[in-house]
Amino acid sequence: MPRFALKNIHSDGILAMVFIVLSFVLVQLPSGFDDRIDQDAIRCKGTIMEVDDSQIQQLGMIFTGDQGVVVKIEDGPFEGRILEASNPLLGQMDRDKIFKPGDIALIVLTVTDDEIVYVNPQEHYRIDLELLLLGLFVLALTLFGGWTGVKALVSFGFSAVCMWKVLIPLILLGWAAIPVALGVVTLLTATVIFLVAGLSRKGFTAFAGAMLGVLTSCVLSVIFTRAFHVHGAIMPFAETLLYSGFGHLNLTDIYCAAVFLAASGAVMDLAMDVAASMDEVVSKKPGITRLEALRSGLSVGRVVVGTMTTTLLFAYSGGYITLLMAFMAQGIPLVNVANLIYVAAEVLKTLVGSFGLVMVAPFTALVGAIILVPSGDRRQVAREE
C-alpha cells in the first residue's frame with residue numbers, strides 16, 4: 001500500500017477516534033432536563049395477554065372509551081408479574097392505539113415504596129425493530145463503504161448525539177436558536193466532511209463551499225420568514241412546547257433555524273461532489289489553470305444541482321402530502337392553498353433550501369479553483385514533473 005495512503009488512514013483513524021470519544025463524552029453529560037424524568041417510573045416490555053373492548057365506542061373511524069388490558073411484564077424488577085391496566089382512547093387517530101392479545105407493548109410502571117401504583121401500556125414496543133433496522137443500516141454501510149463507511153457511521157452517530165445533547169437543550173434553555181443552530185451545523189459539517197475527505201485540500205474546499213451555502217440559506221430564511229409572516233407555531237407540537245412551561249422560546253427563530261438545518265445535509269453532499277470532482281481533475285491534469293478548474297467545477301455543479309433541487313422537493317413534499325390531498329379533496333382553489341400559512345411555510349423551506357443548493361456549487365467551484373490548483377510557480381513544477 002502506498003505510503004501516502006497509510007498516512008491518510010492513520011490520520012483519519014485518529015480523527016475518527018476523537019469524534020467517537022467526543023460522542024461518548026456528550027452522551028454522559030447532563031442535558032439540564034434530566035430532573036424532569038419521572039424517577040418513580042419503571043419502563044419495561046410487556047406482552048398483552050387479554051383485552052376487554054366492551055367499553056370502547058366506535059364513531060365512524062375513531063374510537064373512544066377505555067380498553068382494558070391484562071399484561072405480563074417481560075423484564076425489569078417485576079418480571080413475570082401479570083397486571084391489569086387501562087388503555088384510554090381519546091378519539092385521535094394519530095395518538096390512540098388499540099392492543100390485541102399477543103402484542104408487545106412498552107409498559108410504564110409508577111412505583112411507590114416498591115409497590116406498583118399505576119400501570120400505563122404506553123405504546124406498541126418498537127425498540128427491537130428500530131435496533132434491527134439500525135443494525136442492518138450499519139452492516140450495509142460498512143460492507144459497501146469499507147473504511148469510508150465506518151467514518152460515515154462515526155459522523156452519523158456524532159451528529160445524532162450533538163442534536164440531542166447540544167442543539168435541543170441549548171435552545172430549550174433560552175439560547176438564541178439561529179446562532180446555536182448555525183454553530184452546530186458548522187461543527188457537524190466539519191465533522192462529516194473531514195471524516196470522509198480527511199484533513200486535505202479537498203476537505204477544506206468542500207467545507208468552505210458548504211458553509212457558504214448554509215450561510216446563504218440562513219440569511220434567506222430569516223429574511224423571507226419575516227416577509228411571509230410565518231411564525232414558528234405552525235411546526236408540530238410547537239404550542240404543546242409553549243404550554244409545557246417554555247413560553248420564553250422564540251418559535252419564529254426556531255423555524256428559521258429548522259429551514260437551513262434541514263437543507264444542510266444536501267448542501268454538504270453537493271459541496272463534496274463538486275470538491276471531489278475538481279480534486280480528481282486537478283490530480284489527473286497537474287498543469288491545469290485555475291480558470292479551467294473553475295469551469296470544470298461549474299460544469300459538475302450544474303449537473304448535480306439539477307437533481308439535488310428536485311430531491312429536496314420530494315423530501316419536503318412527502319412530509320405534507322396529506323395536507324395537499326385534503327385541500328384538493330375539498331375543492332380549495334390553488335391560489336388559496338398556496339397562500340395558506342402551512343403551505344407557504346413549506347414552500348419557503350423548499351425554495352430557500354434549493355436556493356442554498358444552487359449557490360453552493362459556484363461557491364465550491366470558486367474555492368476549489370483557489371485551494372486545489374497550485375499557484376504559478378508550483379504549477380510550473382507540476383508540468384516539469
# chains A, B, ... in the order shown; residues from 1 in each chain; ligands from 1

$ residues_around --residues "range 147-161 of chain A" --least-positions-apart "6" --cutoff "8 Å" --atoms "only C-alpha atoms" --output "NGL selection string"
:A and (16 or 19-20 or 22-23 or 26-27 or 138 or 141 or 188 or 191-192 or 195-196)

$ write_last_selection --atoms "all heavy atoms" --output "tab-separated table (two decimals), in the first residue's frame"
chain	number	residue	atom	x	y	z
A	16	ALA	N	-11.24	9.92	13.59
A	16	ALA	CA	-12.44	9.14	13.92
A	16	ALA	C	-12.49	8.83	15.41
A	16	ALA	O	-13.55	8.93	16.05
A	16	ALA	CB	-12.47	7.84	13.10
A	19	PHE	N	-13.69	11.83	17.48
A	19	PHE	CA	-15.13	12.06	17.46
A	19	PHE	C	-15.89	10.95	18.18
A	19	PHE	O	-16.98	11.20	18.73
A	19	PHE	CB	-15.63	12.21	16.02
A	19	PHE	CG	-15.28	13.54	15.42
A	19	PHE	CD1	-14.33	13.64	14.42
A	19	PHE	CD2	-15.89	14.70	15.87
A	19	PHE	CE1	-14.00	14.87	13.88
A	19	PHE	CE2	-15.58	15.93	15.33
A	19	PHE	CZ	-14.62	16.02	14.33
A	20	ILE	N	-15.37	9.75	18.20
A	20	ILE	CA	-16.00	8.68	18.98
A	20	ILE	C	-15.93	9.02	20.48
A	20	ILE	O	-16.92	8.89	21.21
A	20	ILE	CB	-15.32	7.32	18.71
A	20	ILE	CG1	-15.64	6.85	17.28
A	20	ILE	CG2	-15.77	6.28	19.71
A	20	ILE	CD1	-14.90	5.59	16.87
A	22	LEU	N	-15.58	12.04	21.76
A	22	LEU	CA	-16.46	13.19	21.98
A	22	LEU	C	-17.91	12.75	22.08
A	22	LEU	O	-18.68	13.29	22.89
A	22	LEU	CB	-16.29	14.20	20.85
A	22	LEU	CG	-15.03	15.06	20.88
A	22	LEU	CD1	-14.96	15.95	19.63
A	22	LEU	CD2	-14.99	15.93	22.13
A	23	SER	N	-18.30	11.78	21.27
A	23	SER	CA	-19.68	11.29	21.31
A	23	SER	C	-19.99	10.68	22.67
A	23	SER	O	-21.05	10.94	23.26
A	23	SER	CB	-19.91	10.26	20.20
A	23	SER	OG	-19.74	10.83	18.92
A	26	LEU	N	-20.30	13.43	25.29
A	26	LEU	CA	-21.57	14.15	25.18
A	26	LEU	C	-22.74	13.32	25.71
A	26	LEU	O	-23.66	13.85	26.34
A	26	LEU	CB	-21.83	14.54	23.73
A	26	LEU	CG	-21.00	15.69	23.17
A	26	LEU	CD1	-21.29	15.89	21.68
A	26	LEU	CD2	-21.29	16.98	23.93
A	27	VAL	N	-22.70	12.02	25.45
A	27	VAL	CA	-23.77	11.14	25.94
A	27	VAL	C	-23.83	11.17	27.47
A	27	VAL	O	-24.92	11.15	28.07
A	27	VAL	CB	-23.57	9.70	25.43
A	27	VAL	CG1	-24.47	8.74	26.17
A	27	VAL	CG2	-23.86	9.64	23.93
A	138	VAL	N	-26.07	-0.21	9.57
A	138	VAL	CA	-24.64	-0.23	9.88
A	138	VAL	C	-23.93	-1.29	9.06
A	138	VAL	O	-22.85	-1.05	8.49
A	138	VAL	CB	-24.43	-0.49	11.39
A	138	VAL	CG1	-22.96	-0.76	11.70
A	138	VAL	CG2	-24.93	0.70	12.21
A	141	LEU	N	-23.80	-0.21	5.27
A	141	LEU	CA	-22.87	0.89	5.05
A	141	LEU	C	-21.42	0.43	5.22
A	141	LEU	O	-20.53	0.83	4.45
A	141	LEU	CB	-23.17	2.04	6.01
A	141	LEU	CG	-22.39	3.34	5.82
A	141	LEU	CD1	-22.58	3.87	4.41
A	141	LEU	CD2	-22.81	4.37	6.84
A	188	LEU	N	-20.99	20.09	12.72
A	188	LEU	CA	-21.35	18.82	12.07
A	188	LEU	C	-20.87	18.78	10.63
A	188	LEU	O	-20.48	17.72	10.13
A	188	LEU	CB	-22.86	18.61	12.15
A	188	LEU	CG	-23.43	18.46	13.56
A	188	LEU	CD1	-24.93	18.18	13.51
A	188	LEU	CD2	-22.71	17.36	14.33
A	191	THR	N	-17.30	17.93	10.83
A	191	THR	CA	-17.16	16.52	11.23
A	191	THR	C	-17.38	15.59	10.05
A	191	THR	O	-16.55	14.72	9.75
A	191	THR	CB	-18.16	16.18	12.35
A	191	THR	OG1	-17.93	17.02	13.47
A	191	THR	CG2	-18.01	14.73	12.77
A	192	VAL	N	-18.49	15.77	9.37
A	192	VAL	CA	-18.85	14.88	8.26
A	192	VAL	C	-17.83	14.98	7.14
A	192	VAL	O	-17.32	13.97	6.63
A	192	VAL	CB	-20.26	15.21	7.75
A	192	VAL	CG1	-20.57	14.40	6.50
A	192	VAL	CG2	-21.31	14.94	8.83
A	195	LEU	N	-14.16	13.86	8.16
A	195	LEU	CA	-14.07	12.42	8.38
A	195	LEU	C	-14.09	11.67	7.06
A	195	LEU	O	-13.39	10.66	6.90
A	195	LEU	CB	-15.22	11.95	9.27
A	195	LEU	CG	-14.99	12.01	10.78
A	195	LEU	CD1	-16.26	11.63	11.54
A	195	LEU	CD2	-13.84	11.09	11.20
A	196	VAL	N	-14.89	12.14	6.12
A	196	VAL	CA	-15.00	11.46	4.82
A	196	VAL	C	-13.83	11.81	3.91
A	196	VAL	O	-13.22	10.93	3.29
A	196	VAL	CB	-16.34	11.81	4.15
A	196	VAL	CG1	-16.39	11.25	2.73
A	196	VAL	CG2	-17.50	11.27	4.97

$ residues_around --residues "Asp279 in chain A" --least-positions-apart "3" --cutoff "9 Å" --atoms "only C-alpha atoms" --output "JSON, numbers by chain"
{"A": [201, 202, 274, 275, 276, 282, 283, 284, 368, 372, 373]}

$ write_last_selection --atoms "all heavy atoms" --output "PDB file, in the first residue's frame"
ATOM      1  N   ARG A 201      -6.884  19.278   1.150  1.00  0.00           N
ATOM      2  CA  ARG A 201      -7.374  20.418   0.367  1.00  0.00           C
ATOM      3  C   ARG A 201      -8.801  20.160  -0.126  1.00  0.00           C
ATOM      4  O   ARG A 201      -9.629  21.066  -0.150  1.00  0.00           O
ATOM      5  CB  ARG A 201      -6.445  20.670  -0.824  1.00  0.00           C
ATOM      6  CG  ARG A 201      -5.062  21.157  -0.444  1.00  0.00           C
ATOM      7  CD  ARG A 201      -4.178  21.300  -1.685  1.00  0.00           C
ATOM      8  NE  ARG A 201      -2.850  21.745  -1.318  1.00  0.00           N
ATOM      9  CZ  ARG A 201      -2.484  23.029  -1.220  1.00  0.00           C
ATOM     10  NH1 ARG A 201      -3.371  23.982  -1.465  1.00  0.00           N
ATOM     11  NH2 ARG A 201      -1.256  23.357  -0.866  1.00  0.00           N
ATOM     12  N   LYS A 202      -9.077  18.925  -0.499  1.00  0.00           N
ATOM     13  CA  LYS A 202     -10.428  18.567  -0.941  1.00  0.00           C
ATOM     14  C   LYS A 202     -11.429  18.792   0.188  1.00  0.00           C
ATOM     15  O   LYS A 202     -12.525  19.330  -0.028  1.00  0.00           O
ATOM     16  CB  LYS A 202     -10.456  17.105  -1.399  1.00  0.00           C
ATOM     17  CG  LYS A 202     -11.835  16.611  -1.810  1.00  0.00           C
ATOM     18  CD  LYS A 202     -11.766  15.206  -2.382  1.00  0.00           C
ATOM     19  CE  LYS A 202     -11.339  14.198  -1.335  1.00  0.00           C
ATOM     20  NZ  LYS A 202     -11.381  12.800  -1.855  1.00  0.00           N
ATOM     21  N   VAL A 274     -18.765  18.352  -5.813  1.00  0.00           N
ATOM     22  CA  VAL A 274     -18.011  19.294  -6.636  1.00  0.00           C
ATOM     23  C   VAL A 274     -16.533  19.279  -6.247  1.00  0.00           C
ATOM     24  O   VAL A 274     -15.651  19.240  -7.112  1.00  0.00           O
ATOM     25  CB  VAL A 274     -18.594  20.717  -6.502  1.00  0.00           C
ATOM     26  CG1 VAL A 274     -17.734  21.728  -7.251  1.00  0.00           C
ATOM     27  CG2 VAL A 274     -20.026  20.761  -7.017  1.00  0.00           C
ATOM     28  N   ALA A 275     -16.247  19.289  -4.942  1.00  0.00           N
ATOM     29  CA  ALA A 275     -14.859  19.305  -4.495  1.00  0.00           C
ATOM     30  C   ALA A 275     -14.119  18.033  -4.906  1.00  0.00           C
ATOM     31  O   ALA A 275     -12.962  18.092  -5.361  1.00  0.00           O
ATOM     32  CB  ALA A 275     -14.808  19.471  -2.976  1.00  0.00           C
ATOM     33  N   ALA A 276     -14.780  16.873  -4.762  1.00  0.00           N
ATOM     34  CA  ALA A 276     -14.142  15.608  -5.133  1.00  0.00           C
ATOM     35  C   ALA A 276     -13.879  15.550  -6.635  1.00  0.00           C
ATOM     36  O   ALA A 276     -12.824  15.078  -7.078  1.00  0.00           O
ATOM     37  CB  ALA A 276     -15.020  14.443  -4.704  1.00  0.00           C
ATOM     38  N   VAL A 282      -7.829  17.919 -11.076  1.00  0.00           N
ATOM     39  CA  VAL A 282      -6.525  18.542 -10.827  1.00  0.00           C
ATOM     40  C   VAL A 282      -5.429  17.491 -10.690  1.00  0.00           C
ATOM     41  O   VAL A 282      -4.304  17.670 -11.178  1.00  0.00           O
ATOM     42  CB  VAL A 282      -6.587  19.430  -9.563  1.00  0.00           C
ATOM     43  CG1 VAL A 282      -5.201  19.923  -9.185  1.00  0.00           C
ATOM     44  CG2 VAL A 282      -7.514  20.614  -9.790  1.00  0.00           C
ATOM     45  N   SER A 283      -5.756  16.359 -10.027  1.00  0.00           N
ATOM     46  CA  SER A 283      -4.748  15.311  -9.848  1.00  0.00           C
ATOM     47  C   SER A 283      -4.396  14.642 -11.175  1.00  0.00           C
ATOM     48  O   SER A 283      -3.259  14.213 -11.378  1.00  0.00           O
ATOM     49  CB  SER A 283      -5.250  14.266  -8.855  1.00  0.00           C
ATOM     50  OG  SER A 283      -6.373  13.572  -9.371  1.00  0.00           O
ATOM     51  N   LYS A 284      -5.350  14.542 -12.107  1.00  0.00           N
ATOM     52  CA  LYS A 284      -5.095  13.920 -13.415  1.00  0.00           C
ATOM     53  C   LYS A 284      -4.447  14.889 -14.397  1.00  0.00           C
ATOM     54  O   LYS A 284      -3.796  14.469 -15.350  1.00  0.00           O
ATOM     55  CB  LYS A 284      -6.407  13.389 -14.004  1.00  0.00           C
ATOM     56  CG  LYS A 284      -7.086  12.304 -13.188  1.00  0.00           C
ATOM     57  CD  LYS A 284      -6.217  11.075 -13.026  1.00  0.00           C
ATOM     58  CE  LYS A 284      -6.964   9.986 -12.256  1.00  0.00           C
ATOM     59  NZ  LYS A 284      -6.100   8.808 -12.007  1.00  0.00           N
ATOM     60  N   GLY A 368     -12.533  25.877  -4.764  1.00  0.00           N
ATOM     61  CA  GLY A 368     -11.686  24.804  -5.255  1.00  0.00           C
ATOM     62  C   GLY A 368     -10.635  25.282  -6.238  1.00  0.00           C
ATOM     63  O   GLY A 368      -9.495  24.800  -6.234  1.00  0.00           O
ATOM     64  N   LEU A 372      -7.358  24.108  -4.576  1.00  0.00           N
ATOM     65  CA  LEU A 372      -6.885  22.858  -5.173  1.00  0.00           C
ATOM     66  C   LEU A 372      -5.831  23.055  -6.244  1.00  0.00           C
ATOM     67  O   LEU A 372      -4.963  22.194  -6.439  1.00  0.00           O
ATOM     68  CB  LEU A 372      -8.069  22.086  -5.766  1.00  0.00           C
ATOM     69  CG  LEU A 372      -9.119  21.579  -4.771  1.00  0.00           C
ATOM     70  CD1 LEU A 372     -10.296  20.971  -5.511  1.00  0.00           C
ATOM     71  CD2 LEU A 372      -8.513  20.560  -3.823  1.00  0.00           C
ATOM     72  N   VAL A 373      -5.908  24.164  -6.975  1.00  0.00           N
ATOM     73  CA  VAL A 373      -4.974  24.402  -8.075  1.00  0.00           C
ATOM     74  C   VAL A 373      -3.753  25.143  -7.545  1.00  0.00           C
ATOM     75  O   VAL A 373      -3.898  26.194  -6.904  1.00  0.00           O
ATOM     76  CB  VAL A 373      -5.646  25.207  -9.205  1.00  0.00           C
ATOM     77  CG1 VAL A 373      -4.652  25.455 -10.341  1.00  0.00           C
ATOM     78  CG2 VAL A 373      -6.866  24.468  -9.726  1.00  0.00           C
TER      79      VAL A 373
END

$ select_by_dssp --residues "range 228-363 of chain A" --states "helix (DSSP H, G or I)" --output "PyMOL selection string"
chain A and resi 232-234+238-243+251-284+290-317+321-329+334-339+341-363

$ residues_around --residues "Arg290 in chain A" --least-positions-apart "2" --cutoff "6 Å" --atoms "only C-alpha atoms" --output "list in words"
Glu292, Ala293, Ala369 and Val373 of chain A

$ write_last_selection --atoms "N, CA and C atoms" --output "mmCIF file, in the first residue's frame"
data_model
loop_
_atom_site.group_PDB
_atom_site.id
_atom_site.type_symbol
_atom_site.label_atom_id
_atom_site.label_comp_id
_atom_site.auth_asym_id
_atom_site.auth_seq_id
_atom_site.Cartn_x
_atom_site.Cartn_y
_atom_site.Cartn_z
ATOM 1 N N GLU A 292 -9.568 26.999 -15.781
ATOM 2 C CA GLU A 292 -10.037 25.712 -16.304
ATOM 3 C C GLU A 292 -10.665 24.860 -15.193
ATOM 4 N N ALA A 293 -10.040 24.884 -14.031
ATOM 5 C CA ALA A 293 -10.588 24.126 -12.898
ATOM 6 C C ALA A 293 -11.941 24.690 -12.482
ATOM 7 N N ALA A 369 -10.994 26.229 -7.080
ATOM 8 C CA ALA A 369 -10.033 26.766 -8.040
ATOM 9 C C ALA A 369 -8.875 27.456 -7.327
ATOM 10 N N VAL A 373 -5.908 24.164 -6.975
ATOM 11 C CA VAL A 373 -4.974 24.402 -8.075
ATOM 12 C C VAL A 373 -3.753 25.143 -7.545
#

$ select_by_dssp --residues "range 53-114 of chain A" --states "strand (DSSP E)" --output "NGL selection string"
:A and (56-59 or 62-73 or 82-90 or 104-112)

$ write_last_selection --atoms "C-alpha atoms" --output "PDB file, in the first residue's frame"
ATOM      1  CA  ILE A  56     -64.989   1.102  23.547  1.00  0.00           C
ATOM      2  CA  GLN A  57     -67.346   3.155  21.378  1.00  0.00           C
ATOM      3  CA  GLN A  58     -66.770   3.480  17.653  1.00  0.00           C
ATOM      4  CA  LEU A  59     -67.779   6.750  15.995  1.00  0.00           C
ATOM      5  CA  ILE A  62     -62.427   6.838  15.520  1.00  0.00           C
ATOM      6  CA  PHE A  63     -62.680   5.064  18.849  1.00  0.00           C
ATOM      7  CA  THR A  64     -63.368   6.469  22.304  1.00  0.00           C
ATOM      8  CA  GLY A  65     -63.628   4.973  25.775  1.00  0.00           C
ATOM      9  CA  ASP A  66     -61.308   2.661  27.688  1.00  0.00           C
ATOM     10  CA  GLN A  67     -59.776  -0.606  26.593  1.00  0.00           C
ATOM     11  CA  GLY A  68     -58.996  -2.960  29.436  1.00  0.00           C
ATOM     12  CA  VAL A  69     -55.801  -4.994  29.071  1.00  0.00           C
ATOM     13  CA  VAL A  70     -54.067  -7.729  31.029  1.00  0.00           C
ATOM     14  CA  VAL A  71     -50.299  -7.583  30.561  1.00  0.00           C
ATOM     15  CA  LYS A  72     -47.411  -9.828  31.543  1.00  0.00           C
ATOM     16  CA  ILE A  73     -44.177  -7.982  32.404  1.00  0.00           C
ATOM     17  CA  ILE A  82     -49.400 -10.208  35.444  1.00  0.00           C
ATOM     18  CA  LEU A  83     -51.117  -6.857  35.826  1.00  0.00           C
ATOM     19  CA  GLU A  84     -54.325  -5.168  34.756  1.00  0.00           C
ATOM     20  CA  ALA A  85     -54.275  -1.794  33.058  1.00  0.00           C
ATOM     21  CA  SER A  86     -56.448   0.648  31.149  1.00  0.00           C
ATOM     22  CA  ASN A  87     -55.777   1.981  27.664  1.00  0.00           C
ATOM     23  CA  PRO A  88     -57.780   5.236  27.302  1.00  0.00           C
ATOM     24  CA  LEU A  89     -58.803   6.209  23.760  1.00  0.00           C
ATOM     25  CA  LEU A  90     -59.068   9.934  23.036  1.00  0.00           C
ATOM     26  CA  ILE A 104     -45.716  -6.444  22.776  1.00  0.00           C
ATOM     27  CA  ALA A 105     -46.082  -3.075  24.490  1.00  0.00           C
ATOM     28  CA  LEU A 106     -43.892  -0.561  26.270  1.00  0.00           C
ATOM     29  CA  ILE A 107     -45.214  -0.551  29.829  1.00  0.00           C
ATOM     30  CA  VAL A 108     -44.552   2.321  32.224  1.00  0.00           C
ATOM     31  CA  LEU A 109     -44.973   1.341  35.869  1.00  0.00           C
ATOM     32  CA  THR A 110     -45.338   4.022  38.540  1.00  0.00           C
ATOM     33  CA  VAL A 111     -43.797   2.604  41.699  1.00  0.00           C
ATOM     34  CA  THR A 112     -44.008   3.896  45.277  1.00  0.00           C
TER      35      THR A 112
END

$ residues_around --residues "Ala258 in chain A" --least-positions-apart "3" --cutoff "12 Å" --atoms "only C-alpha atoms" --output "PyMOL selection string"
chain A and resi 163+167-168+171+177-182+184-185+214+217-218+221-222+225+232+235+251-255+261-264+345-346+348-350+352-353

$ residues_around --residues "Leu340 in chain A" --least-positions-apart "3" --cutoff "12 Å" --atoms "only C-alpha atoms" --output "list in words"
Phe228, His229, Val230, Ile234, Leu323, Leu324, Phe327, Ile332, Pro333, Leu334, Val335, Asn336, Val337, Val343, Ala344, Ala345, Glu346, Val347 and Leu348 of chain A

$ atom_distance --atom1 "CA of Ser54 in chain A" --atom2 "CA of Val119 in chain A"
19.7 Å

$ residues_around --residues "Val300 in chain A" --least-positions-apart "4" --cutoff "8 Å" --atoms "only C-alpha atoms" --output "list in words"
Val274, Ser277, Ser296 and Val304 of chain A

$ closest_residue --among "A:Val117, A:Cys162, A:Ala365, A:Val303" --to "Ala210 in chain A" --atoms "only C-alpha atoms"
A:Ala365

$ closest_residue --among "A:Lys97, A:Val219, A:Met268, A:Gly80" --to "Phe204 in chain A" --atoms "only C-alpha atoms"
A:Met268

$ atom_distance --atom1 "CA of Glu239 in chain A" --atom2 "CA of Ala315 in chain A"
24.7 Å

$ closest_residue --among "A:Lys165, A:Arg81, A:Lys100, A:Arg95" --to "Gln28 in chain A" --atoms "only C-alpha atoms"
A:Lys165

$ decode --residues "range 215-232 of chain A" --atoms "N, CA and C atoms" --output "PDB file, in the first residue's frame"
ATOM      1  N   LEU A 215     -24.800  29.486   4.970  1.00  0.00           N
ATOM      2  CA  LEU A 215     -24.980  30.896   5.338  1.00  0.00           C
ATOM      3  C   LEU A 215     -25.989  31.575   4.417  1.00  0.00           C
ATOM      4  N   THR A 216     -25.947  31.223   3.135  1.00  0.00           N
ATOM      5  CA  THR A 216     -26.929  31.772   2.200  1.00  0.00           C
ATOM      6  C   THR A 216     -28.343  31.367   2.601  1.00  0.00           C
ATOM      7  N   SER A 217     -28.535  30.079   2.914  1.00  0.00           N
ATOM      8  CA  SER A 217     -29.851  29.599   3.338  1.00  0.00           C
ATOM      9  C   SER A 217     -30.278  30.253   4.649  1.00  0.00           C
ATOM     10  N   CYS A 218     -29.325  30.456   5.558  1.00  0.00           N
ATOM     11  CA  CYS A 218     -29.631  31.078   6.844  1.00  0.00           C
ATOM     12  C   CYS A 218     -30.152  32.504   6.649  1.00  0.00           C
ATOM     13  N   VAL A 219     -29.437  33.295   5.870  1.00  0.00           N
ATOM     14  CA  VAL A 219     -29.842  34.689   5.631  1.00  0.00           C
ATOM     15  C   VAL A 219     -31.204  34.746   4.945  1.00  0.00           C
ATOM     16  N   LEU A 220     -31.391  33.903   3.938  1.00  0.00           N
ATOM     17  CA  LEU A 220     -32.669  33.914   3.210  1.00  0.00           C
ATOM     18  C   LEU A 220     -33.819  33.452   4.094  1.00  0.00           C
ATOM     19  N   SER A 221     -33.569  32.480   4.964  1.00  0.00           N
ATOM     20  CA  SER A 221     -34.641  32.002   5.840  1.00  0.00           C
ATOM     21  C   SER A 221     -35.093  33.102   6.785  1.00  0.00           C
ATOM     22  N   VAL A 222     -34.156  33.874   7.315  1.00  0.00           N
ATOM     23  CA  VAL A 222     -34.515  34.970   8.216  1.00  0.00           C
ATOM     24  C   VAL A 222     -35.306  36.042   7.474  1.00  0.00           C
ATOM     25  N   ILE A 223     -34.843  36.416   6.286  1.00  0.00           N
ATOM     26  CA  ILE A 223     -35.498  37.482   5.516  1.00  0.00           C
ATOM     27  C   ILE A 223     -36.909  37.083   5.102  1.00  0.00           C
ATOM     28  N   PHE A 224     -37.042  35.894   4.519  1.00  0.00           N
ATOM     29  CA  PHE A 224     -38.330  35.530   3.939  1.00  0.00           C
ATOM     30  C   PHE A 224     -39.314  34.985   4.981  1.00  0.00           C
ATOM     31  N   THR A 225     -38.835  34.490   6.097  1.00  0.00           N
ATOM     32  CA  THR A 225     -39.766  34.104   7.160  1.00  0.00           C
ATOM     33  C   THR A 225     -40.512  35.329   7.661  1.00  0.00           C
ATOM     34  N   ARG A 226     -39.799  36.421   7.846  1.00  0.00           N
ATOM     35  CA  ARG A 226     -40.452  37.671   8.244  1.00  0.00           C
ATOM     36  C   ARG A 226     -41.360  38.189   7.140  1.00  0.00           C
ATOM     37  N   ALA A 227     -40.865  38.154   5.900  1.00  0.00           N
ATOM     38  CA  ALA A 227     -41.652  38.688   4.782  1.00  0.00           C
ATOM     39  C   ALA A 227     -42.923  37.882   4.544  1.00  0.00           C
ATOM     40  N   PHE A 228     -42.870  36.578   4.766  1.00  0.00           N
ATOM     41  CA  PHE A 228     -44.034  35.706   4.571  1.00  0.00           C
ATOM     42  C   PHE A 228     -45.009  35.776   5.748  1.00  0.00           C
ATOM     43  N   HIS A 229     -44.607  36.433   6.836  1.00  0.00           N
ATOM     44  CA  HIS A 229     -45.405  36.453   8.075  1.00  0.00           C
ATOM     45  C   HIS A 229     -45.668  35.037   8.574  1.00  0.00           C
ATOM     46  N   VAL A 230     -44.625  34.217   8.513  1.00  0.00           N
ATOM     47  CA  VAL A 230     -44.702  32.838   9.008  1.00  0.00           C
ATOM     48  C   VAL A 230     -44.167  32.809  10.433  1.00  0.00           C
ATOM     49  N   HIS A 231     -44.881  32.197  11.335  1.00  0.00           N
ATOM     50  CA  HIS A 231     -44.428  32.064  12.715  1.00  0.00           C
ATOM     51  C   HIS A 231     -44.205  30.594  13.040  1.00  0.00           C
ATOM     52  N   GLY A 232     -43.397  30.363  14.055  1.00  0.00           N
ATOM     53  CA  GLY A 232     -42.995  29.004  14.374  1.00  0.00           C
ATOM     54  C   GLY A 232     -44.083  28.122  14.933  1.00  0.00           C
TER      55      GLY A 232
END
